[in-house]
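See below for the structure under consideration.
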Amino acid sequence: PPDPIPLQGLIALTDTAYGQGGFQCVPGFHKKFEVWKKQKSINSHSFRNSLKEYKATQIAMKTGDLIIWNALLPHGNCKNLSNMPRIAQLVTMYPCKIYDNSILNKRIEMYRNSTPSNPVNPYESNWGEPNLSSLGERLLGISKW
């Protein structure tokens, strides 16, 4: 596993009901990890296929709810079966000490160019630079604490 293991978080910006494409994960997977690791074939087609025997649980959220999890927990989005969009903000958190200037500069460049760190759709970029509050500038690393 990476060292340090990052934490991830999801903030619900709208209510998200079951079936609305919300967050899902495999609770308790950390207790099964060593067994899974030994059984997983090196030639597995994908990480997702190697987890099919484990049941993912969808989590409904209310606006403002925050879920924080260890990034090694199998997680993802459910398919949205409703006619309502799901709006949420995903965050990844590392201890401050691991950021060197190259990582900081890359993060600021991604912000300024509206480039996602892991683009799902290559056409989802170049929306222009959003305005940040003074807190936002500190969180991004543009301004010092």
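By convention in this document, the chains of the structure tokens carry letters A, B, ... by their order, each chain's residues are numbered from 1, and ligands are numbered from 1 in the order they are shown.
DSSP, applied to the backbone of this structure, assigns helix (DSSP H, G or I) to the following residues of region 8-121 of chain A: Phe29, His30, Lys31, Lys32, Phe33, Glu34, Val35, Trp36, Lys37, Lys38, Gln39, Asn49, Ser50, Leu51, Cys96, Lys97, Ile98, Asn101, Ser102, Ile103, Leu104, Asn105, Lys106, Arg107, Ile108, Glu109, Met110, Tyr111 and Arg112 of chain A.
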Just the residues within 12 Å of Gly141 (chain A), please, counting only C-alpha atoms, with nothing from its chain fewer than 5 positions along; format it as a PDB file with N, CA and C atoms, in the first residue's frame.
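The resulting result22.pdb:
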```
ATOM      1  N   CYS A  96       0.275  17.050   5.257  1.00  0.00           N
ATOM      2  CA  CYS A  96       0.910  18.193   4.593  1.00  0.00           C
ATOM      3  C   CYS A  96       2.374  17.957   4.282  1.00  0.00           C
ATOM      4  N   TYR A  99       3.832  16.960   0.624  1.00  0.00           N
ATOM      5  CA  TYR A  99       3.759  17.795  -0.563  1.00  0.00           C
ATOM      6  C   TYR A  99       5.086  18.484  -0.809  1.00  0.00           C
ATOM      7  N   ASP A 100       5.675  18.175  -1.938  1.00  0.00           N
ATOM      8  CA  ASP A 100       6.843  18.929  -2.349  1.00  0.00           C
ATOM      9  C   ASP A 100       6.389  19.942  -3.398  1.00  0.00           C
ATOM     10  N   ASN A 101       7.289  20.776  -3.834  1.00  0.00           N
ATOM     11  CA  ASN A 101       6.913  21.841  -4.767  1.00  0.00           C
ATOM     12  C   ASN A 101       6.361  21.313  -6.077  1.00  0.00           C
ATOM     13  N   SER A 102       6.848  20.178  -6.567  1.00  0.00           N
ATOM     14  CA  SER A 102       6.329  19.656  -7.834  1.00  0.00           C
ATOM     15  C   SER A 102       4.864  19.248  -7.706  1.00  0.00           C
ATOM     16  N   ILE A 103       4.488  18.657  -6.569  1.00  0.00           N
ATOM     17  CA  ILE A 103       3.089  18.274  -6.354  1.00  0.00           C
ATOM     18  C   ILE A 103       2.237  19.528  -6.168  1.00  0.00           C
ATOM     19  N   LEU A 104       2.728  20.467  -5.376  1.00  0.00           N
ATOM     20  CA  LEU A 104       2.004  21.718  -5.159  1.00  0.00           C
ATOM     21  C   LEU A 104       1.788  22.446  -6.482  1.00  0.00           C
ATOM     22  N   ASN A 105       2.844  22.577  -7.285  1.00  0.00           N
ATOM     23  CA  ASN A 105       2.728  23.277  -8.567  1.00  0.00           C
ATOM     24  C   ASN A 105       1.770  22.572  -9.517  1.00  0.00           C
ATOM     25  N   LYS A 106       1.768  21.237  -9.519  1.00  0.00           N
ATOM     26  CA  LYS A 106       0.846  20.477 -10.374  1.00  0.00           C
ATOM     27  C   LYS A 106      -0.597  20.729  -9.939  1.00  0.00           C
ATOM     28  N   ARG A 107      -0.852  20.738  -8.627  1.00  0.00           N
ATOM     29  CA  ARG A 107      -2.197  20.971  -8.113  1.00  0.00           C
ATOM     30  C   ARG A 107      -2.692  22.369  -8.489  1.00  0.00           C
ATOM     31  N   ILE A 108      -1.827  23.370  -8.356  1.00  0.00           N
ATOM     32  CA  ILE A 108      -2.213  24.738  -8.719  1.00  0.00           C
ATOM     33  C   ILE A 108      -2.445  24.838 -10.223  1.00  0.00           C
ATOM     34  N   GLU A 109      -1.608  24.176 -11.017  1.00  0.00           N
ATOM     35  CA  GLU A 109      -1.788  24.173 -12.477  1.00  0.00           C
ATOM     36  C   GLU A 109      -3.125  23.530 -12.855  1.00  0.00           C
ATOM     37  N   TYR A 111      -5.801  23.428 -11.049  1.00  0.00           N
ATOM     38  CA  TYR A 111      -6.843  24.387 -10.671  1.00  0.00           C
ATOM     39  C   TYR A 111      -6.949  25.500 -11.713  1.00  0.00           C
ATOM     40  N   LEU A 132     -11.617  31.784  -5.750  1.00  0.00           N
ATOM     41  CA  LEU A 132     -11.386  31.162  -4.455  1.00  0.00           C
ATOM     42  C   LEU A 132     -11.462  32.207  -3.353  1.00  0.00           C
ATOM     43  N   SER A 134     -10.208  33.373   0.525  1.00  0.00           N
ATOM     44  CA  SER A 134      -8.866  33.322   1.124  1.00  0.00           C
ATOM     45  C   SER A 134      -8.607  31.941   1.734  1.00  0.00           C
ATOM     46  N   LEU A 135      -9.646  31.310   2.298  1.00  0.00           N
ATOM     47  CA  LEU A 135      -9.490  29.955   2.822  1.00  0.00           C
ATOM     48  C   LEU A 135      -9.203  28.982   1.678  1.00  0.00           C
ATOM     49  N   GLY A 136      -9.928  29.116   0.578  1.00  0.00           N
ATOM     50  CA  GLY A 136      -9.696  28.257  -0.573  1.00  0.00           C
ATOM     51  C   GLY A 136      -8.280  28.374  -1.113  1.00  0.00           C
TER      52      GLY A 136
END
```
Find the residues near Asn70 (chain A): any atom within 10 Å, counting only C-alpha atoms, skip ones fewer than 3 places away on the same chain, and give them as a PyMOL selection string. chain A and resi 5-9+30+73-75+92-93
For the selection you just gave me, I'd like the residues written to a file as a PDB file, in the first residue's frame, keeping all heavy atoms.
```pdb
ATOM      1  N   ILE A   5      -1.074   6.277   3.605  1.00  0.00           N
ATOM      2  CA  ILE A   5      -2.332   5.947   2.946  1.00  0.00           C
ATOM      3  C   ILE A   5      -3.226   7.184   3.020  1.00  0.00           C
ATOM      4  O   ILE A   5      -3.500   7.694   4.102  1.00  0.00           O
ATOM      5  CB  ILE A   5      -3.011   4.746   3.624  1.00  0.00           C
ATOM      6  CG1 ILE A   5      -2.136   3.505   3.484  1.00  0.00           C
ATOM      7  CG2 ILE A   5      -4.397   4.502   3.024  1.00  0.00           C
ATOM      8  CD1 ILE A   5      -2.590   2.322   4.301  1.00  0.00           C
ATOM      9  N   PRO A   6      -3.656   7.684   1.868  1.00  0.00           N
ATOM     10  CA  PRO A   6      -4.497   8.884   1.901  1.00  0.00           C
ATOM     11  C   PRO A   6      -5.901   8.584   2.411  1.00  0.00           C
ATOM     12  O   PRO A   6      -6.368   7.448   2.361  1.00  0.00           O
ATOM     13  CB  PRO A   6      -4.547   9.329   0.431  1.00  0.00           C
ATOM     14  CG  PRO A   6      -4.241   8.104  -0.353  1.00  0.00           C
ATOM     15  CD  PRO A   6      -3.378   7.237   0.512  1.00  0.00           C
ATOM     16  N   LEU A   7      -6.540   9.619   2.882  1.00  0.00           N
ATOM     17  CA  LEU A   7      -7.960   9.554   3.214  1.00  0.00           C
ATOM     18  C   LEU A   7      -8.716  10.228   2.082  1.00  0.00           C
ATOM     19  O   LEU A   7      -8.213  11.143   1.445  1.00  0.00           O
ATOM     20  CB  LEU A   7      -8.255  10.294   4.513  1.00  0.00           C
ATOM     21  CG  LEU A   7      -7.675   9.713   5.789  1.00  0.00           C
ATOM     22  CD1 LEU A   7      -8.013  10.604   6.979  1.00  0.00           C
ATOM     23  CD2 LEU A   7      -8.189   8.306   6.025  1.00  0.00           C
ATOM     24  N   GLN A   8      -9.908   9.768   1.832  1.00  0.00           N
ATOM     25  CA  GLN A   8     -10.768  10.411   0.861  1.00  0.00           C
ATOM     26  C   GLN A   8     -12.042  10.820   1.579  1.00  0.00           C
ATOM     27  O   GLN A   8     -12.401  10.270   2.611  1.00  0.00           O
ATOM     28  CB  GLN A   8     -11.082   9.477  -0.301  1.00  0.00           C
ATOM     29  CG  GLN A   8      -9.878   9.264  -1.197  1.00  0.00           C
ATOM     30  CD  GLN A   8     -10.200   8.427  -2.400  1.00  0.00           C
ATOM     31  OE1 GLN A   8     -10.394   7.231  -2.286  1.00  0.00           O
ATOM     32  NE2 GLN A   8     -10.249   9.066  -3.554  1.00  0.00           N
ATOM     33  N   GLY A   9     -12.711  11.792   1.013  1.00  0.00           N
ATOM     34  CA  GLY A   9     -13.950  12.265   1.587  1.00  0.00           C
ATOM     35  C   GLY A   9     -14.924  12.642   0.490  1.00  0.00           C
ATOM     36  O   GLY A   9     -14.535  12.960  -0.632  1.00  0.00           O
ATOM     37  N   HIS A  30     -11.401  -4.261   5.199  1.00  0.00           N
ATOM     38  CA  HIS A  30     -10.084  -4.328   5.835  1.00  0.00           C
ATOM     39  C   HIS A  30      -9.898  -5.624   6.628  1.00  0.00           C
ATOM     40  O   HIS A  30      -8.799  -6.125   6.767  1.00  0.00           O
ATOM     41  CB  HIS A  30      -9.850  -3.108   6.730  1.00  0.00           C
ATOM     42  CG  HIS A  30     -10.773  -3.027   7.896  1.00  0.00           C
ATOM     43  ND1 HIS A  30     -12.110  -2.682   7.779  1.00  0.00           N
ATOM     44  CD2 HIS A  30     -10.558  -3.266   9.204  1.00  0.00           C
ATOM     45  CE1 HIS A  30     -12.671  -2.705   8.970  1.00  0.00           C
ATOM     46  NE2 HIS A  30     -11.754  -3.054   9.854  1.00  0.00           N
ATOM     47  N   LEU A  73     -10.066   1.360   0.771  1.00  0.00           N
ATOM     48  CA  LEU A  73     -11.382   0.724   0.834  1.00  0.00           C
ATOM     49  C   LEU A  73     -11.978   0.670  -0.573  1.00  0.00           C
ATOM     50  O   LEU A  73     -12.038   1.693  -1.252  1.00  0.00           O
ATOM     51  CB  LEU A  73     -12.314   1.532   1.740  1.00  0.00           C
ATOM     52  CG  LEU A  73     -13.767   1.059   1.818  1.00  0.00           C
ATOM     53  CD1 LEU A  73     -13.853  -0.236   2.619  1.00  0.00           C
ATOM     54  CD2 LEU A  73     -14.636   2.126   2.458  1.00  0.00           C
ATOM     55  N   PRO A  74     -12.407  -0.503  -1.048  1.00  0.00           N
ATOM     56  CA  PRO A  74     -13.075  -0.542  -2.353  1.00  0.00           C
ATOM     57  C   PRO A  74     -14.322   0.336  -2.322  1.00  0.00           C
ATOM     58  O   PRO A  74     -15.176   0.187  -1.455  1.00  0.00           O
ATOM     59  CB  PRO A  74     -13.445  -2.020  -2.521  1.00  0.00           C
ATOM     60  CG  PRO A  74     -12.498  -2.754  -1.640  1.00  0.00           C
ATOM     61  CD  PRO A  74     -12.266  -1.840  -0.466  1.00  0.00           C
ATOM     62  N   HIS A  75     -14.396   1.281  -3.254  1.00  0.00           N
ATOM     63  CA  HIS A  75     -15.488   2.257  -3.258  1.00  0.00           C
ATOM     64  C   HIS A  75     -15.723   2.758  -4.680  1.00  0.00           C
ATOM     65  O   HIS A  75     -14.927   2.525  -5.581  1.00  0.00           O
ATOM     66  CB  HIS A  75     -15.157   3.435  -2.343  1.00  0.00           C
ATOM     67  CG  HIS A  75     -13.977   4.230  -2.813  1.00  0.00           C
ATOM     68  ND1 HIS A  75     -12.679   3.823  -2.582  1.00  0.00           N
ATOM     69  CD2 HIS A  75     -13.890   5.385  -3.520  1.00  0.00           C
ATOM     70  CE1 HIS A  75     -11.845   4.692  -3.121  1.00  0.00           C
ATOM     71  NE2 HIS A  75     -12.559   5.662  -3.698  1.00  0.00           N
ATOM     72  N   THR A  92      -9.425  14.381  -1.547  1.00  0.00           N
ATOM     73  CA  THR A  92      -8.398  13.434  -1.141  1.00  0.00           C
ATOM     74  C   THR A  92      -7.463  14.177  -0.203  1.00  0.00           C
ATOM     75  O   THR A  92      -7.061  15.297  -0.502  1.00  0.00           O
ATOM     76  CB  THR A  92      -7.625  12.893  -2.356  1.00  0.00           C
ATOM     77  OG1 THR A  92      -8.557  12.280  -3.253  1.00  0.00           O
ATOM     78  CG2 THR A  92      -6.594  11.855  -1.937  1.00  0.00           C
ATOM     79  N   MET A  93      -7.134  13.552   0.921  1.00  0.00           N
ATOM     80  CA  MET A  93      -6.340  14.224   1.942  1.00  0.00           C
ATOM     81  C   MET A  93      -5.075  13.439   2.248  1.00  0.00           C
ATOM     82  O   MET A  93      -5.125  12.225   2.449  1.00  0.00           O
ATOM     83  CB  MET A  93      -7.181  14.376   3.210  1.00  0.00           C
ATOM     84  CG  MET A  93      -8.427  15.230   2.989  1.00  0.00           C
ATOM     85  SD  MET A  93      -9.685  15.004   4.267  1.00  0.00           S
ATOM     86  CE  MET A  93     -10.505  13.526   3.682  1.00  0.00           C
TER      87      MET A  93
END
```
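Shortest atom-to-atom contact with Ile68 (chain A) among A:Cys25, A:Lys52, A:Pro95, A:Val35: A:Cys25, counting only C-alpha atoms.
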